[in-house]
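A.B. asks: Quick one: structure below, then a few questions.
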Amino acid sequence: MAGKKRSAQNGANIGYEAELWRMADALRGSMDAAEYKHVVLGLIFLKYISDAFEELHAKLDAEKKQGADPEDPDEYRANGIFWVPPEARWQYLKSMAPQPTIGQLVDDAMTAIERDNLTLKGVLPKDYARPGLDKQRFGQIINLVSDIALGSAADRSKDTLGRVYEYFLARFASAEGKSGGQFYTPSRVVRVLVEVLAPGGRGPLR
């Protein structure tokens, strides 16, 4: 994607999704699709909430003279946006992607987000530091996900997350050799994504 962020026009189109899948699947290596889907979907969700957070953070930062505080968690909760603590912000994690400790850093980020957002408690995946996950490939996946614009107001209105997520679910189902009915039994991370995406859900898509 030549290092440029892309967001879909009128929702993510199949060409965009297919390109994203091809790149992500190339980084899977020997990892089983059933395991790999949680690696990718967890990162996609983290990028989504980080995008939404950063958009409001920039707005609040520009309004500091009017009394806004971009580091006040209540400012985000009042706007239906998940608070993302400094150690969990995407730009920090992206900067650390080449490091062999990146798996532990992402686990710590997920833990911090759950700590500060009680509706996410016990939901997010926290197994990125496991020895079986190739940390070099994992860093490449983080860089790949960095190219997807997901959580801004414009992208939320076009349901970019929903389109990308839905497409990935279908492709993972195919890779696992499962029918749709078998595959769509949700894990905890799948459930929270479904709730965030659902009309009237608890997340910041309201």
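We label chains A, B, ... in the order they appear in the structure tokens, count residues from 1 in each chain, and number ligands from 1 in the order shown.
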Any idea what's packed within 10 Å of Leu27 of chain A, counting only C-alpha atoms, ignoring anything in its chain fewer than 2 positions away? Could you give it as a PyMOL selection string?
C.D. replies: chain A and resi 21-25+29-31+36+134+136-141+144
A.B. asks: Write to file, as a compact mmCIF listing (two decimals), in the first residue's frame, the residues of the selection just made, with all heavy atoms.
C.D. replies:
```
# COMPACT_ATOMS: atom_id res chain seq x y z
N TRP A 21 -6.06 -8.84 2.70
CA TRP A 21 -6.00 -10.26 3.08
C TRP A 21 -4.74 -10.92 2.51
O TRP A 21 -4.07 -11.67 3.21
CB TRP A 21 -7.24 -11.00 2.59
CG TRP A 21 -7.07 -12.48 2.72
CD1 TRP A 21 -6.71 -13.36 1.74
CD2 TRP A 21 -7.16 -13.26 3.92
NE1 TRP A 21 -6.61 -14.64 2.24
CE2 TRP A 21 -6.87 -14.60 3.57
CE3 TRP A 21 -7.47 -12.95 5.24
CZ2 TRP A 21 -6.89 -15.62 4.52
CZ3 TRP A 21 -7.49 -13.97 6.18
CH2 TRP A 21 -7.20 -15.28 5.82
N ARG A 22 -4.44 -10.67 1.26
CA ARG A 22 -3.27 -11.30 0.63
C ARG A 22 -2.00 -10.95 1.39
O ARG A 22 -1.14 -11.80 1.62
CB ARG A 22 -3.14 -10.86 -0.83
CG ARG A 22 -4.11 -11.55 -1.78
CD ARG A 22 -3.71 -11.32 -3.22
NE ARG A 22 -3.72 -9.90 -3.57
CZ ARG A 22 -4.78 -9.26 -4.05
NH1 ARG A 22 -5.93 -9.91 -4.20
NH2 ARG A 22 -4.72 -7.99 -4.37
N MET A 23 -1.89 -9.70 1.80
CA MET A 23 -0.70 -9.27 2.52
C MET A 23 -0.64 -9.91 3.91
O MET A 23 0.40 -10.38 4.36
CB MET A 23 -0.67 -7.75 2.63
CG MET A 23 -0.52 -7.05 1.29
SD MET A 23 -0.68 -5.24 1.41
CE MET A 23 0.83 -4.85 2.28
N ALA A 24 -1.80 -9.93 4.60
CA ALA A 24 -1.83 -10.52 5.93
C ALA A 24 -1.56 -12.02 5.87
O ALA A 24 -0.81 -12.56 6.69
CB ALA A 24 -3.18 -10.25 6.59
N ASP A 25 -2.15 -12.69 4.89
CA ASP A 25 -2.00 -14.15 4.79
C ASP A 25 -0.55 -14.52 4.46
O ASP A 25 -0.05 -15.55 4.90
CB ASP A 25 -2.95 -14.70 3.73
CG ASP A 25 -3.09 -16.21 3.82
OD1 ASP A 25 -3.32 -16.72 4.94
OD2 ASP A 25 -2.97 -16.89 2.79
N GLY A 29 2.81 -17.49 7.57
CA GLY A 29 3.80 -18.56 7.67
C GLY A 29 3.14 -19.89 7.97
O GLY A 29 2.15 -20.26 7.34
N SER A 30 3.66 -20.58 8.96
CA SER A 30 3.13 -21.90 9.28
C SER A 30 2.06 -21.87 10.37
O SER A 30 1.57 -22.91 10.81
CB SER A 30 4.28 -22.82 9.75
OG SER A 30 4.91 -22.26 10.90
N MET A 31 1.67 -20.67 10.81
CA MET A 31 0.68 -20.57 11.87
C MET A 31 -0.69 -21.03 11.38
O MET A 31 -1.12 -20.66 10.27
CB MET A 31 0.60 -19.14 12.39
CG MET A 31 -0.35 -18.97 13.57
SD MET A 31 -0.40 -17.27 14.20
CE MET A 31 1.25 -17.12 14.87
N TYR A 36 -4.21 -17.80 13.96
CA TYR A 36 -3.79 -16.54 13.35
C TYR A 36 -4.92 -15.51 13.33
O TYR A 36 -4.69 -14.32 13.44
CB TYR A 36 -3.33 -16.83 11.93
CG TYR A 36 -2.72 -15.66 11.19
CD1 TYR A 36 -1.60 -15.01 11.67
CD2 TYR A 36 -3.26 -15.22 9.99
CE1 TYR A 36 -1.03 -13.95 10.98
CE2 TYR A 36 -2.71 -14.16 9.29
CZ TYR A 36 -1.59 -13.53 9.79
OH TYR A 36 -1.03 -12.49 9.11
N ASP A 134 6.04 -15.79 15.84
CA ASP A 134 7.24 -15.20 15.26
C ASP A 134 7.17 -13.68 15.42
O ASP A 134 6.32 -13.03 14.81
CB ASP A 134 7.33 -15.58 13.77
CG ASP A 134 8.61 -15.10 13.11
OD1 ASP A 134 8.98 -13.93 13.31
OD2 ASP A 134 9.23 -15.89 12.37
N GLN A 136 9.17 -11.28 14.47
CA GLN A 136 9.49 -10.49 13.28
C GLN A 136 8.25 -10.38 12.38
O GLN A 136 7.91 -9.29 11.91
CB GLN A 136 10.65 -11.10 12.50
CG GLN A 136 11.05 -10.26 11.28
CD GLN A 136 12.27 -10.83 10.57
OE1 GLN A 136 12.79 -11.88 10.93
NE2 GLN A 136 12.72 -10.13 9.54
N ARG A 137 7.59 -11.51 12.16
CA ARG A 137 6.36 -11.49 11.36
C ARG A 137 5.29 -10.65 12.06
O ARG A 137 4.54 -9.92 11.41
CB ARG A 137 5.84 -12.91 11.14
CG ARG A 137 6.64 -13.73 10.14
CD ARG A 137 6.01 -15.10 9.97
NE ARG A 137 6.80 -15.95 9.09
CZ ARG A 137 6.68 -15.99 7.77
NH1 ARG A 137 5.79 -15.22 7.17
NH2 ARG A 137 7.43 -16.79 7.04
N PHE A 138 5.22 -10.78 13.37
CA PHE A 138 4.22 -10.03 14.13
C PHE A 138 4.44 -8.53 13.95
O PHE A 138 3.48 -7.77 13.76
CB PHE A 138 4.28 -10.43 15.59
CG PHE A 138 3.25 -9.77 16.46
CD1 PHE A 138 1.90 -9.81 16.12
CD2 PHE A 138 3.61 -9.10 17.61
CE1 PHE A 138 0.94 -9.19 16.90
CE2 PHE A 138 2.66 -8.49 18.41
CZ PHE A 138 1.33 -8.53 18.06
N GLY A 139 5.70 -8.09 14.00
CA GLY A 139 6.00 -6.69 13.77
C GLY A 139 5.56 -6.25 12.39
O GLY A 139 5.07 -5.12 12.20
N GLN A 140 5.70 -7.13 11.40
CA GLN A 140 5.28 -6.82 10.04
C GLN A 140 3.76 -6.70 9.96
O GLN A 140 3.23 -5.86 9.22
CB GLN A 140 5.77 -7.90 9.07
CG GLN A 140 7.28 -7.90 8.88
CD GLN A 140 7.74 -9.08 8.02
OE1 GLN A 140 7.43 -10.23 8.29
NE2 GLN A 140 8.47 -8.78 6.97
N ILE A 141 3.05 -7.52 10.72
CA ILE A 141 1.59 -7.44 10.74
C ILE A 141 1.15 -6.10 11.34
O ILE A 141 0.21 -5.46 10.85
CB ILE A 141 0.99 -8.62 11.53
CG1 ILE A 141 1.29 -9.94 10.82
CG2 ILE A 141 -0.53 -8.45 11.69
CD1 ILE A 141 0.98 -11.16 11.67
N LEU A 144 1.46 -3.58 8.75
CA LEU A 144 0.39 -3.74 7.77
C LEU A 144 -0.91 -3.11 8.28
O LEU A 144 -1.55 -2.33 7.58
CB LEU A 144 0.17 -5.24 7.49
CG LEU A 144 -1.09 -5.62 6.71
CD1 LEU A 144 -1.05 -5.01 5.31
CD2 LEU A 144 -1.21 -7.13 6.62
```
A.B. asks: Check which residues of segment 40-91 of chain A sit at most 12 Å from segment 100-105 of chain A using only C-alpha atoms, and return one row each with the closest pair of atoms and their distance in Å to one decimal, ordered by chain and rising number, as a tab-separated table.
C.D. replies:
```
residue	atom	partner	partner_atom	distance
A:Leu43	CA	A:Gly103	CA	11.4
A:Pro86	CA	A:Leu105	CA	11.8
A:Glu87	CA	A:Leu105	CA	8.1
A:Ala88	CA	A:Leu105	CA	8.2
A:Arg89	CA	A:Leu105	CA	10.8
A:Trp90	CA	A:Leu105	CA	11.2
```
A.B. asks: Just the residues within 8 Å of segment 165-167 of chain A, please, counting only C-alpha atoms, with nothing from its chain fewer than 2 positions along; format it as a PyMOL selection string.
C.D. replies: chain A and resi 17+41+44+161-163+169-171
A.B. asks: For atom CA of Ile148 of chain A and atom CA of Pro70 of chain A, determine how far apart the two atoms are, in Å to one decimal place.
C.D. replies: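 Computing it gives 23.6 Å between the two atoms.
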A.B. asks: Hey, can you check how far atom CA of Ala34 of chain A sits from atom CA of Phe172 of chain A?
C.D. replies: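 Going from atom CA of Ala34 of chain A over to atom CA of Phe172 of chain A covers 7.3 Å.
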A.B. asks: Could you please determine the separation between atom CA of Gly80 of chain A and atom CA of Ala68 of chain A in Å, to one decimal place?
C.D. replies: 16.4 Å
